[in-house]
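J.: Just input04.txt, nothing more (compact mmCIF, C-alpha atoms):
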# COMPACT_ATOMS: atom_id res chain seq x y z
CA MET A 1 7.77 -12.39 -16.74
CA ALA A 2 4.15 -11.56 -17.59
CA MET A 3 3.03 -13.95 -14.82
CA THR A 4 5.18 -12.13 -12.27
CA ILE A 5 3.85 -8.79 -13.46
CA SER A 6 0.29 -10.13 -13.17
CA LEU A 7 1.02 -11.34 -9.65
CA ILE A 8 2.39 -7.98 -8.51
CA ARG A 9 -0.43 -6.07 -10.22
CA THR A 10 -3.07 -8.30 -8.64
CA LEU A 11 -1.60 -7.66 -5.17
CA LEU A 12 -1.46 -3.90 -5.78
CA LEU A 13 -5.01 -3.77 -7.14
CA TYR A 14 -6.24 -5.88 -4.23
CA ILE A 15 -4.83 -3.30 -1.81
CA VAL A 16 -6.41 -0.49 -3.84
CA ILE A 17 -9.80 -2.23 -3.81
CA ILE A 18 -9.64 -2.80 -0.04
CA VAL A 19 -8.81 0.90 0.48
CA ALA A 20 -11.60 1.90 -1.94
CA VAL A 21 -14.19 -0.25 -0.17
CA ARG A 22 -13.09 1.06 3.24
CA LEU A 23 -13.31 4.66 2.01
CA MET A 24 -16.81 4.06 0.68
CA GLY A 25 -17.95 2.85 4.10
CA LYS A 26 -19.24 -0.31 5.72
CA ARG A 27 -22.36 -1.81 4.25
CA GLN A 28 -23.37 -5.38 3.61
CA ILE A 29 -24.02 -6.12 -0.01
CA SER A 30 -27.69 -6.76 0.69
CA GLU A 31 -28.07 -3.26 2.16
CA LEU A 32 -26.51 -1.37 -0.73
CA GLN A 33 -28.57 1.10 -2.70
CA THR A 34 -28.78 0.38 -6.42
CA SER A 35 -26.19 3.02 -7.33
CA GLU A 36 -23.79 1.70 -4.68
CA LEU A 37 -24.16 -1.85 -5.96
CA VAL A 38 -23.45 -0.69 -9.52
CA VAL A 39 -20.33 1.19 -8.38
CA THR A 40 -19.10 -1.86 -6.42
CA LEU A 41 -19.55 -4.12 -9.43
CA LEU A 42 -17.93 -1.53 -11.73
CA ILE A 43 -14.87 -1.30 -9.49
CA SER A 44 -14.34 -5.05 -9.63
CA ASP A 45 -14.72 -5.08 -13.42
CA ILE A 46 -12.34 -2.15 -13.88
CA ALA A 47 -9.73 -3.73 -11.58
CA ALA A 48 -9.79 -6.92 -13.66
CA ILE A 49 -8.64 -5.18 -16.85
CA PRO A 50 -5.05 -4.24 -15.88
CA MET A 51 -4.83 -7.46 -13.82
CA GLN A 52 -5.26 -9.60 -16.90
CA ASP A 53 -3.77 -7.37 -19.60
CA THR A 54 -0.20 -6.40 -18.70
CA GLY A 55 -0.12 -4.14 -21.78
CA GLN A 56 -2.58 -1.82 -20.05
CA PRO A 57 -0.98 0.68 -17.69
CA LEU A 58 -1.87 0.15 -14.04
CA VAL A 59 -3.03 3.74 -13.86
CA SER A 60 -5.85 2.82 -16.27
CA GLY A 61 -7.30 0.84 -13.34
CA PHE A 62 -6.37 3.16 -10.49
CA ILE A 63 -7.81 6.36 -11.92
CA PRO A 64 -11.34 5.07 -12.73
CA ILE A 65 -11.51 3.34 -9.34
CA ALA A 66 -10.38 6.51 -7.55
CA VAL A 67 -12.91 8.63 -9.46
CA LEU A 68 -15.75 6.19 -8.73
CA VAL A 69 -14.88 6.18 -5.03
CA MET A 70 -14.74 9.97 -4.99
CA CYS A 71 -18.13 10.24 -6.73
CA GLU A 72 -19.64 7.69 -4.37
CA ILE A 73 -18.43 9.59 -1.30
CA VAL A 74 -19.67 12.94 -2.63
CA VAL A 75 -23.06 11.48 -3.65
CA SER A 76 -23.51 9.79 -0.27
CA VAL A 77 -22.73 13.05 1.57
CA LEU A 78 -25.15 14.96 -0.68
CA MET A 79 -27.84 12.32 -0.09
CA LEU A 80 -27.35 12.77 3.65
CA LYS A 81 -27.60 16.56 3.52
CA ILE A 82 -30.24 17.01 0.78
CA PRO A 83 -33.36 14.79 1.06
CA LYS A 84 -34.57 15.84 -2.42
CA PHE A 85 -31.28 14.69 -3.93
CA ARG A 86 -31.63 11.38 -2.15
CA ARG A 87 -35.11 10.95 -3.60
CA VAL A 88 -33.77 11.61 -7.11
CA VAL A 89 -30.91 9.10 -6.75
CA CYS A 90 -32.56 6.37 -4.67
CA GLY A 91 -36.25 6.91 -5.22
CA ARG A 92 -38.87 6.48 -2.51
CA PRO A 93 -40.08 3.44 -0.63
CA ILE A 94 -43.25 2.15 -2.29
CA VAL A 95 -46.21 0.71 -0.41
CA VAL A 96 -47.51 -2.37 -2.20
CA ILE A 97 -49.89 -3.56 0.53
CA SER A 98 -51.76 -0.94 2.52
CA ASP A 99 -54.15 -1.79 5.33
CA GLY A 100 -54.33 -5.38 4.07
CA LYS A 101 -55.14 -4.37 0.47
CA LEU A 102 -52.85 -5.09 -2.48
CA ILE A 103 -52.06 -1.92 -4.44
CA GLN A 104 -51.93 -3.29 -7.98
CA SER A 105 -50.98 0.03 -9.61
CA GLU A 106 -47.82 0.26 -7.49
CA MET A 107 -46.94 -3.35 -8.25
CA LYS A 108 -47.36 -2.61 -11.95
CA ARG A 109 -45.12 0.47 -11.59
CA LEU A 110 -42.46 -1.68 -9.94
CA ARG A 111 -42.90 -4.41 -12.60
CA MET A 112 -43.40 -6.73 -9.66
CA SER A 113 -45.35 -9.92 -10.20
CA THR A 114 -47.47 -11.70 -7.61
CA GLU A 115 -44.87 -14.49 -7.61
CA ASP A 116 -42.15 -11.97 -6.72
CA LEU A 117 -44.30 -10.63 -3.90
CA GLY A 118 -45.12 -14.12 -2.63
CA GLU A 119 -41.44 -15.08 -2.65
CA GLN A 120 -40.40 -11.99 -0.70
CA LEU A 121 -43.19 -12.50 1.84
CA ARG A 122 -42.22 -16.12 2.42
CA GLN A 123 -38.61 -15.03 2.98
CA ARG A 124 -40.02 -12.79 5.74
CA ASN A 125 -41.83 -15.82 7.23
CA VAL A 126 -45.20 -14.55 6.06
CA PHE A 127 -47.20 -17.32 4.40
CA SER A 128 -50.54 -15.62 3.94
CA LEU A 129 -51.51 -12.26 2.45
CA ASP A 130 -54.21 -12.02 5.11
CA ASP A 131 -51.48 -11.64 7.78
CA VAL A 132 -50.07 -8.48 6.23
CA ALA A 133 -51.18 -4.98 7.18
CA TYR A 134 -48.47 -3.11 5.25
CA ALA A 135 -45.76 -4.20 2.85
CA ILE A 136 -43.22 -1.68 1.64
CA ILE A 137 -40.59 -2.07 -1.05
CA GLU A 138 -37.60 -0.11 0.25
CA THR A 139 -35.21 1.87 -1.95
CA ASN A 140 -32.70 -0.99 -1.91
CA GLY A 141 -35.34 -3.39 -3.26
CA LYS A 142 -36.00 -5.26 -0.01
CA LEU A 143 -39.49 -5.84 1.28
CA SER A 144 -40.47 -4.66 4.76
CA VAL A 145 -43.57 -6.19 6.30
CA ILE A 146 -45.82 -4.99 9.12
CA LYS A 147 -48.19 -7.73 10.17
CA LYS A 148 -51.73 -7.22 11.41
CA PRO A 149 -51.76 -6.92 15.22
CA ASP A 150 -53.52 -10.25 15.76
CA LYS A 151 -50.99 -12.00 13.52
CA GLU A 152 -47.92 -10.59 15.23
CA THR A 153 -45.69 -12.90 17.28
CA PRO A 154 -46.35 -11.96 20.92
CA THR A 155 -43.40 -10.46 22.75
CA ALA A 156 -42.46 -10.85 26.41
CA GLY A 157 -43.55 -7.25 27.02
CA MET A 158 -47.05 -7.93 25.56
CA MET A 159 -47.48 -10.94 27.88
CA GLY A 160 -46.27 -9.05 30.92
CA VAL A 161 -43.27 -11.33 31.34
CA ALA A 162 -40.15 -9.68 32.73
CA LEU A 163 -37.07 -11.13 31.03
CA PRO A 164 -33.65 -10.73 32.65
CA ASN A 165 -31.41 -8.17 31.00
CA THR A 166 -28.26 -10.04 30.04
CA GLY A 167 -26.74 -7.11 28.21
CA ILE A 168 -24.50 -7.72 25.23
CA GLU A 169 -22.76 -11.01 24.54
CA THR A 170 -19.35 -10.85 22.88
CA VAL A 171 -16.54 -13.18 21.91
CA VAL A 172 -13.87 -12.39 24.51
CA ILE A 173 -11.41 -15.12 23.47
CA SER A 174 -11.01 -16.30 19.91
CA ASP A 175 -8.46 -18.99 19.08
CA GLY A 176 -6.64 -18.38 22.35
CA ILE A 177 -6.40 -14.61 21.95
CA LEU A 178 -8.08 -12.19 24.35
CA SER A 179 -10.04 -9.34 22.75
CA GLU A 180 -9.75 -6.01 24.62
CA PHE A 181 -12.54 -4.50 22.52
CA ALA A 182 -14.95 -7.34 23.28
CA MET A 183 -14.13 -7.19 27.00
CA LYS A 184 -14.88 -3.45 27.10
CA LEU A 185 -18.19 -4.04 25.30
CA CYS A 186 -19.41 -6.59 27.86
CA ASN A 187 -17.81 -4.71 30.74
CA LYS A 188 -15.56 -7.52 31.89
CA SER A 189 -11.90 -7.40 32.91
CA PRO A 190 -9.05 -9.73 31.88
CA GLU A 191 -8.72 -10.75 35.54
CA TRP A 192 -12.34 -11.92 35.63
CA ILE A 193 -11.78 -14.00 32.49
CA ARG A 194 -8.52 -15.46 33.80
CA GLY A 195 -10.28 -16.26 37.09
CA ILE A 196 -12.91 -18.28 35.24
CA LEU A 197 -10.33 -20.09 33.14
CA HIS A 198 -8.32 -20.88 36.29
CA ALA A 199 -11.42 -22.24 38.02
CA LYS A 200 -12.17 -24.40 34.98
CA ASN A 201 -8.55 -25.46 34.77
CA ILE A 202 -8.22 -24.35 31.15
CA ARG A 203 -5.36 -22.35 29.69
CA GLN A 204 -6.18 -19.33 27.56
CA GLU A 205 -4.21 -20.82 24.63
CA ASP A 206 -6.45 -23.91 24.72
CA VAL A 207 -9.68 -21.94 24.31
CA PHE A 208 -11.23 -22.05 20.85
CA ILE A 209 -13.97 -19.58 21.70
CA MET A 210 -15.21 -17.97 24.89
CA THR A 211 -18.25 -15.73 24.98
CA ALA A 212 -19.37 -13.59 27.90
CA ASN A 213 -22.19 -11.15 28.51
CA THR A 214 -22.64 -8.11 30.74
CA LYS A 215 -24.57 -10.14 33.32
CA GLY A 216 -21.61 -12.50 33.80
CA ASP A 217 -22.81 -15.56 31.92
CA TYR A 218 -20.13 -17.23 29.86
CA ASN A 219 -19.60 -20.11 27.50
CA ILE A 220 -16.25 -21.80 26.83
CA ILE A 221 -15.49 -24.10 23.91
CA PRO A 222 -12.00 -25.62 24.17
CA LYS A 223 -9.92 -26.38 21.11
CA GLU A 224 -10.11 -29.83 19.63
CA ARG A 225 -6.83 -31.41 18.73
CA GLY A 226 -5.50 -30.01 15.43
CA THR A 227 -7.95 -27.10 15.15
CA SER A 228 -6.75 -23.54 14.82
CA LEU A 229 -8.12 -20.53 12.87
CA MET B 1 -16.39 14.83 6.94
CA LYS B 2 -13.13 12.85 6.83
CA ARG B 3 -14.42 10.93 3.81
CA LEU B 4 -15.28 14.19 2.06
CA TRP B 5 -11.72 15.41 2.58
CA ALA B 6 -10.47 12.09 1.22
CA ALA B 7 -12.71 12.56 -1.83
CA MET B 8 -11.33 16.07 -2.37
CA ALA B 9 -7.78 14.76 -2.02
CA ILE B 10 -8.51 12.05 -4.60
CA LEU B 11 -9.91 14.69 -6.97
CA VAL B 12 -6.81 16.88 -6.62
CA VAL B 13 -4.38 13.96 -7.09
CA VAL B 14 -6.25 12.50 -10.07
CA THR B 15 -6.62 15.91 -11.76
CA GLY B 16 -2.93 16.61 -11.16
CA LEU B 17 -1.93 13.23 -12.61
CA CYS B 18 -4.10 13.74 -15.68
CA TRP B 19 -2.74 17.23 -16.29
CA TRP B 20 0.84 15.97 -15.91
CA GLY B 21 0.18 13.11 -18.34
CA VAL B 22 -1.25 15.40 -21.01
CA HIS B 23 1.52 17.97 -20.49
CA THR B 24 4.29 15.32 -20.75
CA THR B 25 2.79 13.83 -23.91
CA ILE B 26 2.44 17.24 -25.60
CA GLU B 27 5.98 18.27 -24.62
CA LEU B 28 7.55 15.08 -25.91
CA SER B 29 5.52 14.87 -29.09
CA ASN B 30 6.34 18.51 -30.03
CA GLU B 31 10.04 17.95 -29.37
CA LEU B 32 10.19 14.68 -31.29
CA SER B 33 8.12 15.97 -34.20
CA SER B 34 10.46 18.94 -34.72
CA THR B 35 13.57 16.71 -34.43
CA LEU B 36 12.15 14.27 -36.99
CA GLN B 37 11.24 17.10 -39.36
CA GLU B 38 14.79 18.48 -39.07
CA ALA B 39 16.21 15.01 -39.74
CA ARG B 40 13.99 14.62 -42.78
CA ASN B 41 15.02 18.03 -44.13
CA ALA B 42 18.70 17.21 -43.57
CA ALA B 43 18.39 13.89 -45.42
CA GLU B 44 16.60 15.53 -48.34
CA GLN B 45 19.35 18.15 -48.55
CA GLY B 46 21.99 15.41 -48.64
CA ASP B 47 23.40 16.05 -45.14
CA PHE B 48 23.28 12.38 -44.10
CA GLU B 49 25.53 12.83 -41.08
CA ARG B 50 23.26 15.43 -39.54
CA ALA B 51 20.21 13.35 -40.42
CA ALA B 52 21.76 10.34 -38.66
CA ASP B 53 22.63 12.46 -35.59
CA LEU B 54 19.13 13.86 -35.42
CA SER B 55 17.50 10.45 -35.79
CA ASN B 56 19.75 9.09 -33.00
CA GLN B 57 18.83 12.08 -30.88
CA ALA B 58 15.13 11.44 -31.52
CA GLU B 59 15.53 7.79 -30.54
CA GLU B 60 17.43 8.73 -27.39
CA ASN B 61 14.82 11.30 -26.35
CA TRP B 62 12.09 8.75 -26.97
CA ARG B 63 13.85 6.15 -24.79
CA LYS B 64 14.17 8.71 -21.99
CA PHE B 65 10.45 9.45 -22.05
CA HIS B 66 9.40 5.86 -22.79
CA LYS B 67 9.46 4.76 -19.17
CA THR B 68 7.32 7.69 -18.10
CA LEU B 69 4.86 7.30 -20.97
CA SER B 70 4.41 3.57 -20.38
CA THR B 71 2.91 4.33 -16.96
CA PHE B 72 -0.19 5.84 -18.58
CA ILE B 73 -0.24 4.90 -22.28
CA GLN B 74 -0.97 1.46 -23.72
CA HIS B 75 2.25 -0.36 -24.44
CA THR B 76 1.21 -1.44 -27.94
CA ARG B 77 0.96 2.20 -29.03
CA LEU B 78 4.43 2.94 -27.73
CA GLU B 79 5.88 -0.19 -29.35
CA ALA B 80 4.74 0.96 -32.79
CA ILE B 81 6.71 4.21 -32.33
CA ASP B 82 9.69 2.22 -30.93
CA LEU B 83 9.86 0.24 -34.18
CA SER B 84 9.56 3.32 -36.41
CA LEU B 85 12.31 5.23 -34.61
CA ALA B 86 14.60 2.18 -34.42
CA SER B 87 14.51 1.78 -38.20
CA LEU B 88 15.66 5.38 -38.93
CA SER B 89 19.41 5.04 -38.22
CA PRO B 90 19.96 1.92 -40.36
CA LEU B 91 18.02 3.52 -43.24
CA ILE B 92 20.08 6.72 -43.31
CA GLU B 93 23.34 4.78 -42.82
CA HIS B 94 22.58 2.80 -45.97
CA GLY B 95 21.67 5.97 -47.86
CA ALA B 96 18.00 5.00 -48.30
CA VAL B 97 16.78 8.59 -48.31
CA ASP B 98 13.28 7.88 -49.61
CA GLU B 99 12.59 5.17 -47.06
CA PHE B 100 14.16 7.32 -44.33
CA SER B 101 11.92 10.22 -45.25
CA SER B 102 8.79 8.10 -45.29
CA GLU B 103 9.71 6.43 -42.00
CA CYS B 104 10.26 9.88 -40.44
CA ALA B 105 6.83 10.91 -41.68
CA ARG B 106 5.33 7.69 -40.28
CA ALA B 107 6.94 8.17 -36.88
CA ALA B 108 5.80 11.81 -36.79
CA ALA B 109 2.24 10.77 -37.64
CA GLN B 110 2.25 8.11 -34.92
CA ILE B 111 3.54 10.63 -32.39
CA ALA B 112 0.92 13.20 -33.46
CA SER B 113 -1.77 10.52 -33.11
CA LEU B 114 -0.44 9.67 -29.65
CA GLN B 115 -0.70 13.30 -28.61
CA GLU B 116 -4.20 13.64 -30.05
CA ALA B 117 -5.38 10.51 -28.27
CA GLU B 118 -4.32 11.91 -24.90
CA LEU B 119 -6.16 15.22 -25.24
CA PRO B 120 -9.45 15.51 -23.32
CA ILE B 121 -11.42 16.58 -26.42
CA LEU B 122 -14.97 15.64 -27.32
CA GLU B 123 -13.97 13.15 -30.01
CA ASN B 124 -11.84 11.21 -27.53
CA ILE B 125 -14.41 11.34 -24.75
CA LEU B 126 -17.20 10.08 -27.00
What does the file become when written as structure tokens?
T.:
Amino acid sequence: MAMTISLIRTLLLYIVIIVAVRLMGKRQISELQTSELVVTLLISDIAAIPMQDTGQPLVSGFIPIAVLVMCEIVVSVLMLKIPKFRRVVCGRPIVVISDGKLIQSEMKRLRMSTEDLGEQLRQRNVFSLDDVAYAIIETNGKLSVIKKPDKETPTAGMMGVALPNTGIETVVISDGILSEFAMKLCNKSPEWIRGILHAKNIRQEDVFIMTANTKGDYNIIPKERGTSL
Amino acid sequence: MKRLWAAMAILVVVTGLCWWGVHTTIELSNELSSTLQEARNAAEQGDFERAADLSNQAEENWRKFHKTLSTFIQHTRLEAIDLSLASLSPLIEHGAVDEFSSECARAAAQIASLQEAELPILENIL
């Protein structure tokens, strides 16, 4: 009986967590501020308690999660409206390299070692300190790098090369199913897609993935035998 | 803005639930404590029939509230009170007045402790 209770509780708490995460808003875990990451981890820990211990009332999980979500929403709205409040909660971005010079006092304040800095630079495809004009530690702990102009990767605009504008590319068919949202994004109609499939002699149900862009370029990958999402 | 309204709604619902929980616990514990005290007095005065009726009434009231209480109180705490109240009727039926009296006192103390644990006072918060 305890196993059945655990099963039902886990399903209920899963739904609650999904609702909580949706209410808190869409962010990838790598983009979360420190306080948001702490709240996310707390919610998962709190949810685990009534999941595992059927002697604990379910409400002992629901109420803390609800309160954390409420606090998170209120704090995020306050951070949006009051810049000073945001600075108190999240701090400020800190410049660790300015005009090519390492600011050792800021690194000391961040308790950041040269190895930490080197690792973060390499993850940004920067392999020499001489290439960096500015390096900033953002409030979420990530490093932003501005390279020196002569070390920047040249863009098409810098070289005077006019590249065609292909617009946005979207997945218009996924596992045989047409996506209305994706079609609207790339400005294509179902008739256009069906016309292409007809010309290629492929049925919609046999398409694994079809991408299309605003310009009209497309790519079709048919299903292999036995593959389905 | 929608999320802010959702946050306010959560606050209202959670506050309402908490208030209801505290109110239910206080109501039940006061009712049960007075019933148990009456039962104890009746037993000490030799009115065993009344003591038995009152202890049955206490047990019945407890069972009625048990389902509600188990939605927000740890089950182990409620089980301790279950056992105390269940032992009252057999004790008074066998004329064990002393044990009945002490069991009544024990049940009353457990119920008082339950009520105290639910109050949002500094000792509980810290």
J.: May I ask you to extract the residues of chain A within 8 Å of chain B, using all atoms listed in the file, and to give them as a CSV table (one decimal) with C-alpha atoms, in the frame of the given file?
T.:
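Contents of part32.csv, freshly written:
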chain,number,residue,atom,x,y,z
A,23,LEU,CA,-13.3,4.7,2.0
A,24,MET,CA,-16.8,4.1,0.7
A,55,GLY,CA,-0.1,-4.1,-21.8
A,56,GLN,CA,-2.6,-1.8,-20.0
A,57,PRO,CA,-1.0,0.7,-17.7
A,58,LEU,CA,-1.9,0.2,-14.0
A,59,VAL,CA,-3.0,3.7,-13.9
A,60,SER,CA,-5.8,2.8,-16.3
A,63,ILE,CA,-7.8,6.4,-11.9
A,66,ALA,CA,-10.4,6.5,-7.6
A,67,VAL,CA,-12.9,8.6,-9.5
A,69,VAL,CA,-14.9,6.2,-5.0
A,70,MET,CA,-14.7,10.0,-5.0
A,71,CYS,CA,-18.1,10.2,-6.7
A,73,ILE,CA,-18.4,9.6,-1.3
A,74,VAL,CA,-19.7,12.9,-2.6
A,77,VAL,CA,-22.7,13.0,1.6
J.: What separation in Å, quoted to one decimal, exists between CA of Gly46 (chain B) and CA of Ala96 (chain B)?
T.: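 Going from CA of Gly46 (chain B) over to CA of Ala96 (chain B), I get 11.2 Å.
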J.: Using all atoms listed in the file, find the one residue out of B:Leu28, B:Val22, B:Leu122, B:Ala52 that sits nearest to Pro90 (chain B).
T.: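 Comparing B:Leu28, B:Val22, B:Leu122, B:Ala52 against Pro90 (chain B), the winner is B:Ala52.
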J.: What lies within 9 Å of region 39-42 of chain B using only C-alpha atoms, ignoring chain neighbours under 3 positions off, as a PyMOL selection string?
T.: chain B and resi 34-36+45-55+97+100-102+104-105
J.: If you measure from CA of Gly61 (chain A) to CA of Ala47 (chain A), what distance in Å do you get, rounded to one decimal?
T.: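 For CA of Gly61 (chain A) relative to CA of Ala47 (chain A), the distance reads 5.5 Å.
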J.: Kindly give the distance, in Å, that separates CA of Pro50 (chain A) and CA of Val21 (chain A), rounded to a single decimal.
T.: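 Distance between the two atoms: 18.6 Å.
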J.: Taking all atoms listed in the file into account, name the residue in A:Pro83, A:Gly167, A:Gly100, A:Gly141 that is nearest to Asn213 (chain A).
T.: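 Once distances to Asn213 (chain A) are computed over all atoms listed in the file, the minimum belongs to A:Gly167.
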J.: Would you please work out which residue, of A:Asp175, A:Glu191, A:Glu115, A:Asp130, is nearest to Gln204 (chain A) when using only C-alpha atoms?
T.: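 Counting only C-alpha atoms, the residue closest to Gln204 (chain A) is A:Asp175.
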